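Visitor: Once you've had a glance at the structure underneath, I'll fire off some questions.
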Amino acid sequence: MNVEPGTYKLTAKAPGFVPVRMALEVADQTVNVSLQFQKLSSTEQRVTVRASVAPLLAPDPSARTIEHDEALDANPGRPGAPISIPGLPIETASGGIKAPQYFAPGVAGDHGEPIAQYFQIGNFLYPNNLPANAHGNGYSDPNILIPPVIEAVEVDGGAFNVREGDHSVDLAATYIPSPRLEPFAELTGDDRDLDFIGGLSPQNSSVNEWLAIEIAFGNGFLKRLEHRHQYKLNGFREFKAGRHDISVFGIGYYGFSRIPGLIPMDARVPDDTIDDRQLDRTDTLLGVASDTWQFSGSSQFLLSGFFRDYGLTLRSNFGDGLIQQSESRTVAGGEGAYLARLGHGFSLLAGTDLRRDAPRNLDLKHLNGAGLFAPVTSNNFTFGFAEPFVSLNGSLTRFIRFDAGIRQEELTFNNQDLLAPADSFQKWNSLSLPKATLTFLPPEDAPLPSLSLSAGEAFHTDDPRISTDAASPGPPTLVTTSRAYRATLQKKVGSTDFRLILIRVANSEELANIDPDTGLQQFVGPSLNHALTAAIQHDFSRGSVEVSFSRADARDRLTGQPVPEAPRLIWDATGHWDRLPLRLRGLGEFEYVGAKPLGDGFVGVPVREFRGALYRNLWQDRMQVGLNFMIASGYTGQTLETLALPGEGSPFERIVGVPLKSYVTLSWTYHFRRNPLLPAR
């Protein structure tokens, strides 16, 4: 198999044996790999080996791939992010089916502006962020994915890969669907929630193809019953036609929930909600196609396209009365790229991303005294993206590698203000984003770690609604730029991997966050984030353990005040064990997020979560029973709102959030035929 030079993570799995995982250095010579499997039970004849994509397509040396069978389901049987990523807290702003967001050290990701999300279909990265979304600018919802169909999640720094564009400032998370899914049925539930998942695939097909469905009902764990129901359909087909490797992926989704919403942390409220009329209704239809055309032995064309139809109705109360946010949008685009090995250890990637994002009837309405929703803002937007990029990757010597590229952004904005036509406008922005990484590799017998130095410029689009913020009068900023630097030290000693990452990200002045009660932009000053992450991971014959520590300092450069809602301290300990007593398989994670400054002198409360799962295979591995639990304290979505409860008089500013609840959930899974390719989960 011809692959690009670089560092790969090799994973080999066979039912009946302990998975083998190893780091693999590939240079310009033949590499022979010897794999030794430790037997668990019966012998199987087929083995699956998975390696990451070429370094030119994923050049960030700090990138990590989280295998689903090694990670915990973040929300088993409930909506939210499907996989828990070690060291990256997940928060939701008000519960229910509202889109969950990842947070990074020093980065408040609640509205998704600085954190990108992708689905990797073939070699194409489908962008899942939605600019100017009614939920918040840049929101990305992984809840539309069915958890068992995800093979892995890859995370990187966001700013150092020319393939990643809008919102890839501090972090990018890429979900990778599994190429193979054997028929199964899974039932997960507790006294408040019930979730059914089923998967189908042809028995003797020569191509990888599957179809999965999920039907979920539930009320959550707060006193306010959610009356939630969700319906998901995910499908995948991967096949070869001559020199073409073609992947097709599709999603259909509908969800409804009576969200509890944010509540004060300093006072009890009836039924854990300040307004039982709050709700969220979302639907999505998505199709993605990708073609890797092996043009010659040393070159490929990467061709792709996608279309998405999206709708949202959201009713919330942030203390200023019930509001309704709604929108419908279509998104279409694709990518054409050329990948070639040039010889002497060099590779070239050149291509263009095209995208048109058209939110329509993006409305904010307030409930008035007559019981009617009166419009506050109403806009039609059209975003146009034309994004050519080029990157060169190679080895300068045996001990020095580099990746250098540039991404050109040609952006068009069309804002049609339906209530104030004078505020309508059409604008065009152009910016160049250079990105580079230099890696120093010590000799194999040296005790020194590898050192990678990365620098890159990134951006995210702002919501183009006109601001009335007196702190920054005038037209809105449409593009927020940033400059990121990262140093990564890595060393593997035996089965133990050590990582140390230093980060500096400077963001420009912007009008970005949208006030939920007015629908208009709020001024956000220029900010600077310094963060350090240290992690140790050890693989052993029966599993692995990883411990990470992150510390950050994020401040407004004009006032010197801390950036509100950005986590400063994150502890995470994760482990999985394949052979516990009674033939159990276990996974566990403890996460601690220190108290976050929330602005105006307010400080939140720490969040502690201990997640765990125990699984037991039965009936020759065709059946599996499991127990999932979380022991939690604290609040998710901590922020400030000005509100008054009945009997309190005038409203005042206070801390609000959604209380975290502990739970225990049971699951049952049946495989209709024994899976020869994937280990039982």
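Residues are named by chain letter and number: chains run A, B, ... in the order of the structure tokens, numbers start at 1 in each chain, and ligands are numbered from 1 in the order shown.
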Write out as a compact mmCIF listing (two decimals) with C-alpha atoms, in the first residue's frame each polymer residue whose atoms come within 10 Å of Glu457 in chain A, counting only C-alpha atoms; drop sequence neighbours fewer than 3 positions from it.

Guide:
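Everything below was put into around_35.txt:
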```txt
# COMPACT_ATOMS: atom_id res chain seq x y z
CA GLY A 158 -8.03 23.95 13.71
CA ALA A 159 -5.74 26.70 12.42
CA PHE A 160 -2.95 24.65 10.83
CA ASN A 161 -4.67 22.62 8.10
CA VAL A 162 -5.42 24.33 4.75
CA SER A 168 -11.53 26.43 12.50
CA VAL A 169 -9.88 28.80 14.97
CA ILE A 406 -2.01 28.95 2.19
CA ARG A 407 -5.79 29.17 2.02
CA LEU A 431 -8.26 37.29 3.13
CA SER A 432 -5.20 35.05 2.88
CA LEU A 433 -4.49 32.48 5.59
CA PRO A 434 -0.93 31.08 5.67
CA LYS A 435 -0.32 27.90 7.68
CA ALA A 436 2.92 26.06 8.44
CA THR A 481 -9.49 36.79 12.05
CA SER A 482 -7.12 35.07 14.44
CA ARG A 483 -3.47 34.09 14.63
CA ALA A 484 -2.47 30.84 16.33
CA TYR A 485 0.87 29.39 17.45
CA VAL A 505 -4.30 32.29 19.95
CA ALA A 506 -4.93 35.99 19.32
CA ASN A 507 -8.42 36.98 18.10
```

Visitor: Neighbouring residues of range 642-648 of chain A were defined as those with any atom within 9 Å, considering only C-alpha atoms; residues of the same chain fewer than 3 positions away were excluded. Please report them as a list in words.

Guide: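 After dropping sequence-adjacent residues, the list is Pro264, Ala267, Val269, Ile274, Phe318, Gly319, Asp320, Pro651, Phe652, Glu653, Arg654 and Ile655 of chain A.
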
Visitor: CA of Val390 in chain A and CA of His344 in chain A, how far apart in Å?

Guide: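 Straight-line distance from CA of His344 in chain A to CA of Val390 in chain A works out to 18.9 Å.
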
Visitor: Write out as a list in words each polymer residue whose atoms come within 8 Å of range 363-378 of chain A, counting only C-alpha atoms; drop sequence neighbours fewer than 5 positions from it.

Guide: Ala134, Gly321, Leu322, Ile323, Gln324, Gln325, Ser326, Glu327, Asp417, Leu418, Leu419, Thr518 and Gly519 of chain A

Visitor: Okay, now the selection with N, CA and C atoms, as a PDB file, in the first residue's frame?

Guide:
```
ATOM      1  N   ALA A 134     -29.977  30.351  14.198  1.00  0.00           N
ATOM      2  CA  ALA A 134     -30.844  30.889  15.245  1.00  0.00           C
ATOM      3  C   ALA A 134     -30.421  30.416  16.633  1.00  0.00           C
ATOM      4  N   GLY A 321     -38.867  37.488  28.891  1.00  0.00           N
ATOM      5  CA  GLY A 321     -40.094  37.014  28.276  1.00  0.00           C
ATOM      6  C   GLY A 321     -39.827  35.960  27.223  1.00  0.00           C
ATOM      7  N   LEU A 322     -40.877  35.284  26.783  1.00  0.00           N
ATOM      8  CA  LEU A 322     -40.754  34.209  25.810  1.00  0.00           C
ATOM      9  C   LEU A 322     -40.442  34.783  24.432  1.00  0.00           C
ATOM     10  N   ILE A 323     -39.459  34.204  23.774  1.00  0.00           N
ATOM     11  CA  ILE A 323     -39.099  34.600  22.414  1.00  0.00           C
ATOM     12  C   ILE A 323     -39.195  33.377  21.506  1.00  0.00           C
ATOM     13  N   GLN A 324     -39.295  33.630  20.220  1.00  0.00           N
ATOM     14  CA  GLN A 324     -39.267  32.557  19.230  1.00  0.00           C
ATOM     15  C   GLN A 324     -38.238  32.884  18.165  1.00  0.00           C
ATOM     16  N   GLN A 325     -37.288  31.968  17.970  1.00  0.00           N
ATOM     17  CA  GLN A 325     -36.293  32.080  16.909  1.00  0.00           C
ATOM     18  C   GLN A 325     -36.576  30.979  15.901  1.00  0.00           C
ATOM     19  N   SER A 326     -36.504  31.303  14.627  1.00  0.00           N
ATOM     20  CA  SER A 326     -36.790  30.305  13.602  1.00  0.00           C
ATOM     21  C   SER A 326     -36.003  30.618  12.343  1.00  0.00           C
ATOM     22  N   GLU A 327     -35.830  29.606  11.530  1.00  0.00           N
ATOM     23  CA  GLU A 327     -35.149  29.772  10.248  1.00  0.00           C
ATOM     24  C   GLU A 327     -35.352  28.522   9.409  1.00  0.00           C
ATOM     25  N   ASP A 417     -32.581  42.753   5.093  1.00  0.00           N
ATOM     26  CA  ASP A 417     -33.314  43.018   6.321  1.00  0.00           C
ATOM     27  C   ASP A 417     -34.781  43.265   5.959  1.00  0.00           C
ATOM     28  N   LEU A 418     -35.651  42.350   6.383  1.00  0.00           N
ATOM     29  CA  LEU A 418     -37.057  42.412   5.992  1.00  0.00           C
ATOM     30  C   LEU A 418     -37.847  43.436   6.793  1.00  0.00           C
ATOM     31  N   LEU A 419     -37.358  43.847   7.967  1.00  0.00           N
ATOM     32  CA  LEU A 419     -38.046  44.840   8.792  1.00  0.00           C
ATOM     33  C   LEU A 419     -37.462  46.237   8.627  1.00  0.00           C
ATOM     34  N   THR A 518     -32.596  40.552  21.971  1.00  0.00           N
ATOM     35  CA  THR A 518     -32.725  41.596  20.946  1.00  0.00           C
ATOM     36  C   THR A 518     -32.422  41.084  19.547  1.00  0.00           C
ATOM     37  N   GLY A 519     -31.701  39.974  19.448  1.00  0.00           N
ATOM     38  CA  GLY A 519     -31.331  39.451  18.141  1.00  0.00           C
ATOM     39  C   GLY A 519     -30.238  40.230  17.455  1.00  0.00           C
TER      40      GLY A 519
END
```

Visitor: My list of candidates is A:Gly106, A:Pro597, A:Phe672, A:Glu209. Which is closest to Leu528 in chain A when distances are computed with only C-alpha atoms?

Guide: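 Checking each candidate against Leu528 in chain A, we get A:Gly106 as the closest.
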
Visitor: Could you pull the residues within 6 Å of Asp403 in chain A, counting only C-alpha atoms, minus those fewer than 4 positions along the same chain, as a list in words?

Guide: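 Counting only the stated atoms, we get Leu392, Asn393, Ala436 and Thr437 of chain A.
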
Visitor: Please, could you write that set of residues out with N, CA and C atoms as a PDB file, in the first residue's frame?

Guide:
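And here is the file that came out, result27.pdb:
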```
ATOM      1  N   LEU A 392       2.271  22.151   0.590  1.00  0.00           N
ATOM      2  CA  LEU A 392       3.423  21.326   0.242  1.00  0.00           C
ATOM      3  C   LEU A 392       3.939  20.672   1.509  1.00  0.00           C
ATOM      4  N   ASN A 393       4.197  19.376   1.424  1.00  0.00           N
ATOM      5  CA  ASN A 393       4.591  18.585   2.590  1.00  0.00           C
ATOM      6  C   ASN A 393       5.805  17.760   2.215  1.00  0.00           C
ATOM      7  N   ALA A 436       1.649  26.781   8.569  1.00  0.00           N
ATOM      8  CA  ALA A 436       2.924  26.061   8.443  1.00  0.00           C
ATOM      9  C   ALA A 436       3.216  25.275   9.715  1.00  0.00           C
ATOM     10  N   THR A 437       3.876  24.138   9.549  1.00  0.00           N
ATOM     11  CA  THR A 437       4.327  23.311  10.665  1.00  0.00           C
ATOM     12  C   THR A 437       5.720  22.789  10.350  1.00  0.00           C
TER      13      THR A 437
END
```

Visitor: Select, from A:Thr639, A:Asn617, A:Ser391, A:Ser550, the residue with the minimum atom-to-atom distance to Leu349 in chain A, counting only C-alpha atoms.

Guide: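 For Leu349 in chain A, the nearest of the given residues is A:Ser391.
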
Visitor: Contacts of Ser247 in chain A at 7 Å or less, counting only C-alpha atoms, minus same-chain residues fewer than 2 places along, as a ChimeraX atom specification?

Guide: /A:121-122,237-239,245,249,289-291

Visitor: With a distance cut-off of 12 Å and only C-alpha atoms, select the neighbouring residues of range 631-634 of chain A, excluding the residue or stretch itself and same-chain residues fewer than 6 positions from it, and output the selection as a PyMOL selection string.

Guide: chain A and resi 91+265+588-596+604-613+656-665

Visitor: For the strand (DSSP E or B) assignment from backbone DSSP, which residues of range 83-283 of chain A qualify? Please present them as JSON, numbers by chain.

Guide: {"A": [83, 90, 91, 101, 102, 104, 107, 115, 116, 117, 118, 119, 120, 121, 124, 125, 126, 127, 129, 130, 133, 136, 139, 140, 150, 151, 152, 153, 154, 155, 156, 171, 172, 173, 174, 175, 176, 177, 184, 185, 186, 187, 188, 189, 193, 194, 195, 196, 197, 198, 199, 200, 208, 209, 210, 211, 212, 213, 214, 215, 216, 217, 218, 228, 229, 230, 231, 232, 233, 234, 235, 236, 237, 238, 239, 240, 241, 244, 245, 246, 247, 248, 249, 250, 251, 252, 253, 254, 255, 256, 257, 263, 264, 279, 280, 281, 282, 283]}

Visitor: Expressed in Å to a single decimal, how great is the separation between CA of Ala404 in chain A and CA of Ser450 in chain A?

Guide: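 Here the two named atoms are 18.4 Å from each other.
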
Visitor: What does the distance from CA of Leu362 in chain A to CA of Ala420 in chain A come to in Å, to one decimal?

Guide: 13.8 Å
